[in-house]
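K.L.:
Provided herewith: target32.cif, mmCIF, C-alpha atoms; chains and numbers go by the auth columns.
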```cif
data_run
loop_
_atom_site.group_PDB
_atom_site.id
_atom_site.type_symbol
_atom_site.label_atom_id
_atom_site.label_comp_id
_atom_site.label_asym_id
_atom_site.label_seq_id
_atom_site.Cartn_x
_atom_site.Cartn_y
_atom_site.Cartn_z
_atom_site.B_iso_or_equiv
_atom_site.auth_seq_id
_atom_site.auth_asym_id
ATOM 1 C CA MET A 1 126.524 99.769 84.899 0.00 34 A
ATOM 2 C CA ILE A 2 127.556 98.918 88.436 0.00 35 A
ATOM 3 C CA GLN A 3 130.778 99.653 90.234 0.00 36 A
ATOM 4 C CA VAL A 4 132.817 97.036 92.091 0.00 37 A
ATOM 5 C CA LYS A 5 136.041 97.150 94.055 0.00 38 A
ATOM 6 C CA VAL A 6 138.799 94.906 92.726 0.00 39 A
ATOM 7 C CA ARG A 7 141.668 93.802 94.948 0.00 40 A
ATOM 8 C CA LEU A 8 144.920 92.468 93.546 0.00 41 A
ATOM 9 C CA PHE A 9 147.672 90.576 95.309 0.00 42 A
ATOM 10 C CA ALA A 10 151.267 89.434 94.969 0.00 43 A
ATOM 11 C CA ALA A 11 152.579 88.994 91.395 0.00 44 A
ATOM 12 C CA LEU A 12 149.358 90.313 89.874 0.00 45 A
ATOM 13 C CA ARG A 13 149.447 93.440 92.024 0.00 46 A
ATOM 14 C CA ASP A 14 153.044 94.049 90.979 0.00 47 A
ATOM 15 C CA GLN A 15 152.222 93.698 87.294 0.00 48 A
ATOM 16 C CA VAL A 16 149.168 95.948 87.409 0.00 49 A
ATOM 17 C CA GLY A 17 150.920 98.438 89.674 0.00 50 A
ATOM 18 C CA THR A 18 148.149 98.878 92.229 0.00 51 A
ATOM 19 C CA SER A 19 146.439 96.792 94.882 0.00 52 A
ATOM 20 C CA GLU A 20 142.967 98.231 94.392 0.00 53 A
ATOM 21 C CA LEU A 21 140.867 99.290 91.450 0.00 54 A
ATOM 22 C CA GLU A 22 137.311 100.487 90.966 0.00 55 A
ATOM 23 C CA LEU A 23 135.851 98.903 87.848 0.00 56 A
ATOM 24 C CA GLU A 24 132.498 99.220 86.145 0.00 57 A
ATOM 25 C CA VAL A 25 130.712 96.175 84.811 0.00 58 A
ATOM 26 C CA GLU A 26 127.336 95.674 83.200 0.00 59 A
ATOM 27 C CA ARG A 27 124.440 95.153 85.552 0.00 60 A
ATOM 28 C CA ASN A 28 124.177 91.325 85.850 0.00 61 A
ATOM 29 C CA GLY A 29 127.886 91.166 85.028 0.00 62 A
ATOM 30 C CA SER A 30 130.138 88.476 86.473 0.00 63 A
ATOM 31 C CA CYS A 31 133.686 87.993 87.706 0.00 64 A
ATOM 32 C CA SER A 32 134.809 86.842 84.269 0.00 65 A
ATOM 33 C CA GLU A 33 134.103 90.334 82.925 0.00 66 A
ATOM 34 C CA ILE A 34 136.443 91.760 85.549 0.00 67 A
ATOM 35 C CA LEU A 35 139.137 89.313 84.457 0.00 68 A
ATOM 36 C CA ALA A 36 138.559 90.165 80.802 0.00 69 A
ATOM 37 C CA THR A 37 138.837 93.886 81.532 0.00 70 A
ATOM 38 C CA LEU A 38 142.109 93.384 83.399 0.00 71 A
ATOM 39 C CA GLU A 39 143.540 91.263 80.605 0.00 72 A
ATOM 40 C CA LYS A 40 142.600 93.898 78.046 0.00 73 A
ATOM 41 C CA GLU A 41 143.898 96.885 79.961 0.00 74 A
ATOM 42 C CA TYR A 42 147.138 95.535 81.409 0.00 75 A
ATOM 43 C CA GLU A 43 149.986 93.853 79.575 0.00 76 A
ATOM 44 C CA HIS A 44 151.322 90.423 80.464 0.00 77 A
ATOM 45 C CA VAL A 45 148.679 89.623 83.103 0.00 78 A
ATOM 46 C CA GLY A 46 146.924 86.926 81.039 0.00 79 A
ATOM 47 C CA PRO A 47 148.962 83.935 82.258 0.00 80 A
ATOM 48 C CA ILE A 48 148.547 84.892 85.916 0.00 81 A
ATOM 49 C CA LEU A 49 144.835 85.586 85.492 0.00 82 A
ATOM 50 C CA GLN A 50 144.360 82.162 83.932 0.00 83 A
ATOM 51 C CA ARG A 51 145.814 80.531 87.031 0.00 84 A
ATOM 52 C CA SER A 52 144.090 82.806 89.531 0.00 85 A
ATOM 53 C CA LEU A 53 141.045 82.118 91.649 0.00 86 A
ATOM 54 C CA VAL A 54 138.474 84.752 92.459 0.00 87 A
ATOM 55 C CA ALA A 55 136.780 85.632 95.720 0.00 88 A
ATOM 56 C CA VAL A 56 133.710 87.795 96.136 0.00 89 A
ATOM 57 C CA ASN A 57 133.301 89.581 99.448 0.00 90 A
ATOM 58 C CA GLY A 58 135.898 87.330 101.067 0.00 91 A
ATOM 59 C CA PHE A 59 134.682 83.941 99.812 0.00 92 A
ATOM 60 C CA TYR A 60 136.001 81.812 96.969 0.00 93 A
ATOM 61 C CA ALA A 61 133.610 82.129 94.047 0.00 94 A
ATOM 62 C CA GLY A 62 133.255 80.803 90.530 0.00 95 A
ATOM 63 C CA ARG A 63 134.169 83.006 87.606 0.00 96 A
ATOM 64 C CA ASN A 64 130.522 83.139 86.572 0.00 97 A
ATOM 65 C CA THR A 65 129.413 84.505 89.913 0.00 98 A
ATOM 66 C CA GLY A 66 127.159 87.509 89.356 0.00 99 A
ATOM 67 C CA LEU A 67 128.157 90.837 90.840 0.00 100 A
ATOM 68 C CA SER A 68 126.206 93.513 92.664 0.00 101 A
ATOM 69 C CA SER A 69 127.075 97.143 93.126 0.00 102 A
ATOM 70 C CA GLY A 70 129.698 97.590 95.839 0.00 103 A
ATOM 71 C CA ASP A 71 130.938 93.995 95.761 0.00 104 A
ATOM 72 C CA GLU A 72 134.608 93.389 96.483 0.00 105 A
ATOM 73 C CA VAL A 73 136.220 91.068 93.960 0.00 106 A
ATOM 74 C CA ALA A 74 139.627 89.702 94.920 0.00 107 A
ATOM 75 C CA ILE A 75 141.824 88.136 92.258 0.00 108 A
ATOM 76 C CA LEU A 76 144.020 85.537 93.915 0.00 109 A
ATOM 77 C CA PRO A 77 147.121 84.272 92.089 0.00 110 A
ATOM 78 C CA PRO A 78 148.189 80.715 92.982 0.00 111 A
ATOM 79 C CA VAL A 79 148.837 80.784 96.703 0.00 112 A
ATOM 80 C CA SER A 80 152.215 79.953 98.223 0.00 113 A
ATOM 81 C CA GLY A 81 151.921 80.172 101.971 0.00 114 A
ATOM 82 C CA GLY A 82 153.459 77.815 104.472 0.00 115 A
ATOM 83 C CA MET B 1 144.051 85.669 114.778 0.00 156 B
ATOM 84 C CA TYR B 2 146.258 83.194 112.934 0.00 157 B
ATOM 85 C CA LEU B 3 148.470 85.698 111.129 0.00 158 B
ATOM 86 C CA THR B 4 151.261 87.518 112.873 0.00 159 B
ATOM 87 C CA ARG B 5 154.010 89.948 111.968 0.00 160 B
ATOM 88 C CA GLU B 6 155.951 89.045 115.112 0.00 161 B
ATOM 89 C CA PRO B 7 158.438 86.154 115.333 0.00 162 B
ATOM 90 C CA ILE B 8 156.731 82.869 116.247 0.00 163 B
ATOM 91 C CA THR B 9 158.058 81.367 119.451 0.00 164 B
ATOM 92 C CA LEU B 10 157.660 77.776 120.555 0.00 165 B
ATOM 93 C CA SER B 11 156.038 78.861 123.786 0.00 166 B
ATOM 94 C CA ALA B 12 153.380 80.708 121.807 0.00 167 B
ATOM 95 C CA VAL B 13 152.517 77.538 119.917 0.00 168 B
ATOM 96 C CA ILE B 14 152.746 74.701 122.402 0.00 169 B
ATOM 97 C CA ALA B 15 151.845 76.298 125.728 0.00 170 B
ATOM 98 C CA SER B 16 148.296 75.934 126.967 0.00 171 B
ATOM 99 C CA PRO B 17 146.949 78.415 129.438 0.00 172 B
ATOM 100 C CA VAL B 18 147.201 76.462 132.660 0.00 173 B
ATOM 101 C CA GLY B 19 143.821 75.962 134.234 0.00 174 B
ATOM 102 C CA ALA B 20 142.008 77.729 131.411 0.00 175 B
ATOM 103 C CA LYS B 21 139.482 76.203 129.082 0.00 176 B
ATOM 104 C CA GLN B 22 140.704 76.979 125.604 0.00 177 B
ATOM 105 C CA SER B 23 138.576 77.406 122.554 0.00 178 B
ATOM 106 C CA HIS B 24 139.521 75.311 119.557 0.00 179 B
ATOM 107 C CA TYR B 25 139.898 78.503 117.618 0.00 180 B
ATOM 108 C CA GLU B 26 142.072 80.308 120.101 0.00 181 B
ATOM 109 C CA ILE B 27 145.792 80.374 119.558 0.00 182 B
ATOM 110 C CA ALA B 28 149.044 81.619 120.914 0.00 183 B
ATOM 111 C CA SER B 29 148.030 82.262 124.468 0.00 184 B
ATOM 112 C CA LEU B 30 150.961 82.346 126.811 0.00 185 B
ATOM 113 C CA PRO B 31 150.463 80.655 130.152 0.00 186 B
ATOM 114 C CA PRO B 32 149.729 83.152 132.886 0.00 187 B
ATOM 115 C CA SER B 33 152.788 83.430 135.061 0.00 188 B
ATOM 116 C CA GLY B 34 152.622 82.188 138.600 0.00 189 B
ATOM 117 C CA THR B 35 149.458 80.130 138.140 0.00 190 B
ATOM 118 C CA PRO B 36 149.552 77.358 140.726 0.00 191 B
ATOM 119 C CA ARG B 37 149.603 73.788 139.374 0.00 192 B
ATOM 120 C CA ASN B 38 146.550 72.768 141.344 0.00 193 B
ATOM 121 C CA ASP B 39 144.439 74.985 139.046 0.00 194 B
ATOM 122 C CA VAL B 40 144.980 72.507 136.226 0.00 195 B
ATOM 123 C CA GLU B 41 141.748 70.927 135.068 0.00 196 B
ATOM 124 C CA ALA B 42 141.544 67.234 134.329 0.00 197 B
ATOM 125 C CA ASP B 43 140.663 68.146 130.728 0.00 198 B
ATOM 126 C CA ASN B 44 144.202 69.368 130.123 0.00 199 B
ATOM 127 C CA PHE B 45 145.606 65.862 130.475 0.00 200 B
ATOM 128 C CA LYS B 46 143.339 63.929 128.155 0.00 201 B
ATOM 129 C CA ALA B 47 145.585 64.443 125.119 0.00 202 B
ATOM 130 C CA GLY B 48 148.246 61.740 124.929 0.00 203 B
ATOM 131 C CA ALA B 49 149.635 62.986 121.626 0.00 204 B
ATOM 132 C CA SER B 50 150.901 66.404 120.656 0.00 205 B
ATOM 133 C CA VAL B 51 152.174 66.929 117.104 0.00 206 B
ATOM 134 C CA LEU B 52 154.033 70.113 116.300 0.00 207 B
ATOM 135 C CA PHE B 53 154.839 71.101 112.719 0.00 208 B
ATOM 136 C CA LEU B 54 157.176 74.026 112.084 0.00 209 B
ATOM 137 C CA GLY B 55 157.742 75.387 108.594 0.00 210 B
ATOM 138 C CA LYS B 56 161.051 77.240 108.550 0.00 211 B
ATOM 139 C CA VAL B 57 162.740 79.529 106.061 0.00 212 B
ATOM 140 C CA ARG B 58 165.493 77.639 104.235 0.00 213 B
ATOM 141 C CA ASP B 59 168.466 79.171 102.487 0.00 214 B
ATOM 142 C CA HIS B 60 167.861 77.849 98.985 0.00 215 B
ATOM 143 C CA SER B 61 165.141 77.514 96.391 0.00 216 B
ATOM 144 C CA GLU B 62 165.562 75.603 93.134 0.00 217 B
ATOM 145 C CA GLY B 63 169.325 75.890 93.315 0.00 218 B
ATOM 146 C CA ARG B 64 169.433 79.575 94.166 0.00 219 B
ATOM 147 C CA LYS B 65 170.591 81.040 97.441 0.00 220 B
ATOM 148 C CA VAL B 66 167.757 82.699 99.348 0.00 221 B
ATOM 149 C CA LEU B 67 168.435 85.604 101.711 0.00 222 B
ATOM 150 C CA TYR B 68 164.977 86.026 103.234 0.00 223 B
ATOM 151 C CA LEU B 69 161.258 85.719 102.467 0.00 224 B
ATOM 152 C CA GLU B 70 158.361 88.100 102.528 0.00 225 B
ATOM 153 C CA TYR B 71 154.794 86.901 103.076 0.00 226 B
ATOM 154 C CA GLU B 72 151.686 88.765 102.000 0.00 227 B
ATOM 155 C CA ALA B 73 148.067 87.786 102.632 0.00 228 B
ATOM 156 C CA PHE B 74 144.519 88.770 101.866 0.00 229 B
ATOM 157 C CA GLU B 75 144.309 88.948 105.600 0.00 230 B
ATOM 158 C CA ALA B 76 140.597 88.847 106.392 0.00 231 B
ATOM 159 C CA MET B 77 140.007 85.973 104.021 0.00 232 B
ATOM 160 C CA ALA B 78 143.152 84.107 105.115 0.00 233 B
ATOM 161 C CA GLU B 79 141.976 84.246 108.720 0.00 234 B
ATOM 162 C CA SER B 80 138.571 82.844 107.804 0.00 235 B
ATOM 163 C CA VAL B 81 139.970 80.111 105.523 0.00 236 B
ATOM 164 C CA ILE B 82 142.325 78.971 108.301 0.00 237 B
ATOM 165 C CA ALA B 83 139.362 78.928 110.696 0.00 238 B
ATOM 166 C CA ASP B 84 137.500 76.796 108.118 0.00 239 B
ATOM 167 C CA LEU B 85 140.455 74.389 107.884 0.00 240 B
ATOM 168 C CA ILE B 86 140.506 74.027 111.656 0.00 241 B
ATOM 169 C CA ALA B 87 136.767 73.362 111.702 0.00 242 B
ATOM 170 C CA GLU B 88 137.205 70.745 108.950 0.00 243 B
ATOM 171 C CA ALA B 89 140.019 69.072 110.884 0.00 244 B
ATOM 172 C CA HIS B 90 137.819 68.885 113.964 0.00 245 B
ATOM 173 C CA HIS B 91 135.062 67.417 111.832 0.00 246 B
ATOM 174 C CA HIS B 92 137.261 64.700 110.323 0.00 247 B
ATOM 175 C CA TRP B 93 139.459 63.752 113.261 0.00 248 B
ATOM 176 C CA SER B 94 138.917 63.510 116.952 0.00 249 B
ATOM 177 C CA VAL B 95 141.444 66.116 118.051 0.00 250 B
ATOM 178 C CA ASP B 96 141.349 68.101 121.259 0.00 251 B
ATOM 179 C CA GLU B 97 143.128 71.278 120.289 0.00 252 B
ATOM 180 C CA ILE B 98 144.589 72.982 117.243 0.00 253 B
ATOM 181 C CA LYS B 99 146.785 76.049 117.154 0.00 254 B
ATOM 182 C CA ILE B 100 148.055 77.702 114.001 0.00 255 B
ATOM 183 C CA LEU B 101 150.275 80.715 113.485 0.00 256 B
ATOM 184 C CA HIS B 102 151.544 82.047 110.139 0.00 257 B
ATOM 185 C CA ARG B 103 154.009 84.866 109.690 0.00 258 B
ATOM 186 C CA LEU B 104 153.488 87.879 107.472 0.00 259 B
ATOM 187 C CA GLY B 105 156.046 90.402 106.268 0.00 260 B
ATOM 188 C CA GLU B 106 159.775 89.777 106.188 0.00 261 B
ATOM 189 C CA VAL B 107 160.902 86.447 107.632 0.00 262 B
ATOM 190 C CA LYS B 108 164.598 85.656 108.045 0.00 263 B
ATOM 191 C CA LEU B 109 166.453 82.397 107.355 0.00 264 B
ATOM 192 C CA GLY B 110 165.776 79.793 110.008 0.00 265 B
ATOM 193 C CA GLU B 111 162.783 81.602 111.420 0.00 266 B
ATOM 194 C CA ILE B 112 159.440 79.845 111.788 0.00 267 B
ATOM 195 C CA ALA B 113 157.122 80.812 108.948 0.00 268 B
ATOM 196 C CA VAL B 114 154.238 78.603 110.011 0.00 269 B
ATOM 197 C CA ALA B 115 153.497 76.614 113.131 0.00 270 B
ATOM 198 C CA ILE B 116 150.769 74.021 113.624 0.00 271 B
ATOM 199 C CA ALA B 117 150.179 72.322 116.955 0.00 272 B
ATOM 200 C CA VAL B 118 147.619 69.530 117.253 0.00 273 B
ATOM 201 C CA LYS B 119 146.707 67.610 120.385 0.00 274 B
ATOM 202 C CA SER B 120 144.670 64.431 120.457 0.00 275 B
ATOM 203 C CA THR B 121 144.101 61.415 122.627 0.00 276 B
ATOM 204 C CA HIS B 122 146.146 59.171 120.322 0.00 277 B
ATOM 205 C CA ARG B 123 148.912 59.951 117.823 0.00 278 B
ATOM 206 C CA ASP B 124 147.219 58.927 114.591 0.00 279 B
ATOM 207 C CA GLU B 125 144.560 61.652 114.658 0.00 280 B
ATOM 208 C CA ALA B 126 147.099 64.340 115.515 0.00 281 B
ATOM 209 C CA TYR B 127 149.489 63.324 112.705 0.00 282 B
ATOM 210 C CA GLN B 128 146.704 63.151 110.130 0.00 283 B
ATOM 211 C CA ALA B 129 145.104 66.427 111.151 0.00 284 B
ATOM 212 C CA SER B 130 148.490 68.173 111.185 0.00 285 B
ATOM 213 C CA ARG B 131 149.226 66.980 107.640 0.00 286 B
ATOM 214 C CA PHE B 132 145.779 68.046 106.445 0.00 287 B
ATOM 215 C CA LEU B 133 146.260 71.488 107.976 0.00 288 B
ATOM 216 C CA ILE B 134 149.678 72.221 106.473 0.00 289 B
ATOM 217 C CA GLU B 135 148.546 71.091 103.018 0.00 290 B
ATOM 218 C CA GLY B 136 145.407 73.204 103.390 0.00 291 B
ATOM 219 C CA ILE B 137 147.487 76.220 104.354 0.00 292 B
ATOM 220 C CA LYS B 138 149.765 75.708 101.390 0.00 293 B
ATOM 221 C CA HIS B 139 146.984 75.264 98.833 0.00 294 B
ATOM 222 C CA ARG B 140 143.843 77.021 100.038 0.00 295 B
ATOM 223 C CA VAL B 141 144.784 80.001 102.170 0.00 296 B
ATOM 224 C CA PRO B 142 145.372 83.306 100.310 0.00 297 B
ATOM 225 C CA ILE B 143 148.952 83.852 101.421 0.00 298 B
ATOM 226 C CA TRP B 144 151.828 84.536 99.017 0.00 299 B
ATOM 227 C CA LYS B 145 155.573 84.186 99.475 0.00 300 B
ATOM 228 C CA LYS B 146 158.206 86.309 97.789 0.00 301 B
ATOM 229 C CA GLU B 147 161.758 85.002 97.726 0.00 302 B
ATOM 230 C CA TYR B 148 164.695 87.418 97.858 0.00 303 B
ATOM 231 C CA PHE B 149 167.857 85.951 96.344 0.00 304 B
ATOM 232 C CA GLU B 150 171.550 86.523 96.893 0.00 305 B
ATOM 233 C CA ASP B 151 171.947 87.924 93.371 0.00 306 B
ATOM 234 C CA GLY B 152 169.655 90.845 94.234 0.00 307 B
ATOM 235 C CA THR B 153 166.568 89.552 92.400 0.00 308 B
ATOM 236 C CA SER B 154 163.256 88.581 93.927 0.00 309 B
ATOM 237 C CA GLU B 155 160.350 86.443 92.752 0.00 310 B
ATOM 238 C CA TRP B 156 156.891 85.520 93.909 0.00 311 B
ATOM 239 C CA SER B 157 156.954 81.809 94.583 0.00 312 B
ATOM 240 C CA GLN B 158 155.312 79.966 91.711 0.00 313 B
ATOM 241 C CA CYS B 159 153.187 77.682 93.810 0.00 314 B
ATOM 242 C CA ASN B 160 153.312 74.941 96.346 0.00 315 B
ATOM 243 C CA VAL B 161 153.799 71.639 94.576 0.00 316 B
ATOM 244 C CA PRO B 162 151.982 68.871 96.416 0.00 317 B
ATOM 245 C CA PRO B 163 154.151 65.974 97.577 0.00 318 B
ATOM 246 C CA LYS B 164 153.966 62.894 95.333 0.00 319 B
ATOM 247 C CA GLY B 165 151.029 60.655 96.033 0.00 320 B
ATOM 248 C CA LEU B 166 149.225 63.179 98.198 0.00 321 B
ATOM 249 C CA HIS B 167 145.595 63.753 97.330 0.00 322 B
ATOM 250 C CA LEU B 168 144.649 67.409 97.492 0.00 323 B
ATOM 251 C CA VAL B 169 141.224 68.908 97.919 0.00 324 B
ATOM 252 C CA ASN B 170 142.038 71.757 95.606 0.00 325 B
ATOM 253 C CA GLY B 171 143.927 70.004 92.820 0.00 326 B
ATOM 254 C CA ASP B 172 147.305 70.970 91.535 0.00 327 B
ATOM 255 C CA CYS B 173 148.520 74.459 90.923 0.00 328 B
ATOM 256 C CA CYS B 174 150.306 76.846 88.661 0.00 329 B
ATOM 257 C CA ALA B 175 152.650 74.591 86.676 0.00 330 B
ATOM 258 C CA ASP B 176 152.584 77.019 83.798 0.00 331 B
ATOM 259 C CA LEU B 177 152.462 80.333 85.626 0.00 332 B
ATOM 260 C CA GLN B 178 154.959 82.687 84.103 0.00 333 B
ATOM 261 C CA ARG B 179 157.781 83.871 86.283 0.00 334 B
ATOM 262 C CA SER B 180 157.325 87.407 87.512 0.00 335 B
ATOM 263 C CA ALA B 181 160.745 88.465 88.624 0.00 336 B
#
```
Rewrite the structure of this file - the entire thing - as structure tokens.

P.N.:
Amino acid sequence: MIQVKVRLFAALRDQVGTSELELEVERNGSCSEILATLEKEYEHVGPILQRSLVAVNGFYAGRNTGLSSGDEVAILPPVSGG
Amino acid sequence: MYLTREPITLSAVIASPVGAKQSHYEIASLPPSGTPRNDVEADNFKAGASVLFLGKVRDHSEGRKVLYLEYEAFEAMAESVIADLIAEAHHHWSVDEIKILHRLGEVKLGEIAVAIAVKSTHRDEAYQASRFLIEGIKHRVPIWKKEYFEDGTSEWSQCNVPPKGLHLVNGDCCADLQRSA
């Protein structure tokens, strides 16, 4: 298993109740496993997760992007700046 | 730095440092006071068009009275995505200078939430680049807006709906996102 830092923002952060989590995923695991873990462990986050984008180490990434130990995965709900 | 917790002033957005070469990525420099006019370089006068877009906090949202907004960002990434947007604008249009500022934290009614200033030789490039930049900010930059209403409730804004007929790089957004009051 490897450990990654997960950052949560806005509505998702409010629903989970924290802005940062440390999660373990399988070696060769991907962002989608992080999303699946969040959906399993926290109520009512499914709809937001479905509409969220992910970023790995500060760059937009696909859900199938593989993770390495120490990576920072940000879950980004639909943005609403401007 | 494109994000700021301080009120955005017009002078911060439209003033160029007199006599100073300005990087395309540099923003919000106030002109040095007392700089004599004869320091101005010829370069500063090549832009015949200057388009300024200001996004301001309005007092209503979907029929409800808004008291104020709060903006949150994934700051490091937001800064780099805005820098990317500026680079893309320079790639697509011949513009001389772009400045962008976006507020974070609490922003009151009527205050400037986002400011985009684009200078170019002719107006068409400046208008097009300005439009590209505001749509990019609204759809690609990790910034979120929370609306605080008169009835004491607050909600994260659902998404930015693109104007009709406008093609977006990043597609549509969040039509079915549940409300998270």

K.L.:
When distances are computed from only C-alpha atoms, which of B:Thr276, B:Ser235, B:Ser312, B:Ser249 shows the smallest separation from Tyr93 (chain A)?

P.N.:
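Between B:Thr276, B:Ser235, B:Ser312, B:Ser249, the residue approaching Tyr93 (chain A) most closely is B:Ser235.
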
K.L.:
Return the neighbours of chain B among the residues of chain A, cut-off 8 Å, counting only C-alpha atoms, as a ChimeraX atom specification.

P.N.:
/A:42-44,80-81,84,91-92,109,111-115

K.L.:
Would you be able to write out as a list in words which residues have an atom within 7 Å of (133.2, 99.5, 93.5) in the file's coordinates, counting all atoms listed in the file?

P.N.:
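The requested residues, written out, are Gln36, Val37, Lys38, Glu55, Leu56, Ser102, Gly103, Asp104 and Glu105 of chain A.
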
K.L.:
How many Å lie between CA of Leu100 (chain A) and CA of Arg60 (chain A), rounded to one decimal?

P.N.:
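Computing the Euclidean distance for CA of Leu100 (chain A) and CA of Arg60 (chain A) yields 7.8 Å.
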
K.L.:
Take the point (133.7, 88.9, 90.6) in the file's coordinates, draw a sphere of radius 8 Å around it, and report as a PyMOL selection string every protein, DNA or RNA residue with an atom inside or on it, counting all atoms listed in the file.

P.N.:
chain A and resi 63-67+87-89+94+96-100+104-107

K.L.:
Would you put the residues from that selection into a file with C-alpha atoms, as a PDB file, in the frame of the given file?

P.N.:
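Output saved as again_20.pdb:
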```
ATOM      1  CA  SER A  63     130.138  88.476  86.473  1.00  0.00           C
ATOM      2  CA  CYS A  64     133.686  87.993  87.706  1.00  0.00           C
ATOM      3  CA  SER A  65     134.809  86.842  84.269  1.00  0.00           C
ATOM      4  CA  GLU A  66     134.103  90.334  82.925  1.00  0.00           C
ATOM      5  CA  ILE A  67     136.443  91.760  85.549  1.00  0.00           C
ATOM      6  CA  VAL A  87     138.474  84.752  92.459  1.00  0.00           C
ATOM      7  CA  ALA A  88     136.780  85.632  95.720  1.00  0.00           C
ATOM      8  CA  VAL A  89     133.710  87.795  96.136  1.00  0.00           C
ATOM      9  CA  ALA A  94     133.610  82.129  94.047  1.00  0.00           C
ATOM     10  CA  ARG A  96     134.169  83.006  87.606  1.00  0.00           C
ATOM     11  CA  ASN A  97     130.522  83.139  86.572  1.00  0.00           C
ATOM     12  CA  THR A  98     129.413  84.505  89.913  1.00  0.00           C
ATOM     13  CA  GLY A  99     127.159  87.509  89.356  1.00  0.00           C
ATOM     14  CA  LEU A 100     128.157  90.837  90.840  1.00  0.00           C
ATOM     15  CA  ASP A 104     130.938  93.995  95.761  1.00  0.00           C
ATOM     16  CA  GLU A 105     134.608  93.389  96.483  1.00  0.00           C
ATOM     17  CA  VAL A 106     136.220  91.068  93.960  1.00  0.00           C
ATOM     18  CA  ALA A 107     139.627  89.702  94.920  1.00  0.00           C
TER      19      ALA A 107
END
```

K.L.:
Which centre and edge lengths in Å to one decimal define the box along x, y and z that fits every listed atom of region 49-65 of chain A plus 5 Å per side, as lines of an AutoDock Vina configuration file?

P.N.:
```
center_x = 137.5
center_y = 93.7
center_z = 89.0
size_x = 36.7
size_y = 23.6
size_z = 21.7
```

K.L.:
In Å, with one decimal, what is the gap from CA of Phe287 (chain B) to CA of Leu240 (chain B)?

P.N.:
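Interatomic distance here is 8.4 Å.
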
K.L.:
Have a look at CA of Glu53 (chain A) and CA of Tyr303 (chain B) and let me know their distance in Å, one decimal.

P.N.:
24.5 Å

K.L.:
Apply the PyMOL selection byres ((chain A and resi 75) around 12) to the displayed file and report the matching residues as a list in words.

P.N.:
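Written out, the selection comes to Leu45, Arg46, Asp47, Gln48, Val49, Gly50, Thr51, Leu68, Ala69, Thr70, Leu71, Glu72, Lys73, Glu74, Glu76, His77, Val78, Gly79, Pro80, Ile81 and Leu82 of chain A.
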
K.L.:
Taking all atoms listed in the file into account, which of B:Glu261, B:Pro162, B:Glu234, B:Arg219 comes nearest Gly307 (chain B)?

P.N.:
B:Arg219

K.L.:
Exactly which residues make up the result of the PyMOL selection byres ((chain B and resi 281) around 12) on this file, given as a VMD selection string?

P.N.:
chain B and resid 202 to 208 244 to 245 247 to 254 271 to 280 282 to 288

K.L.:
So, counting all atoms listed in the file, which residue among A:Ser101, A:Pro110, A:Ser52, A:Gly95 is closest to Arg40 (chain A)?

P.N.:
A:Ser52
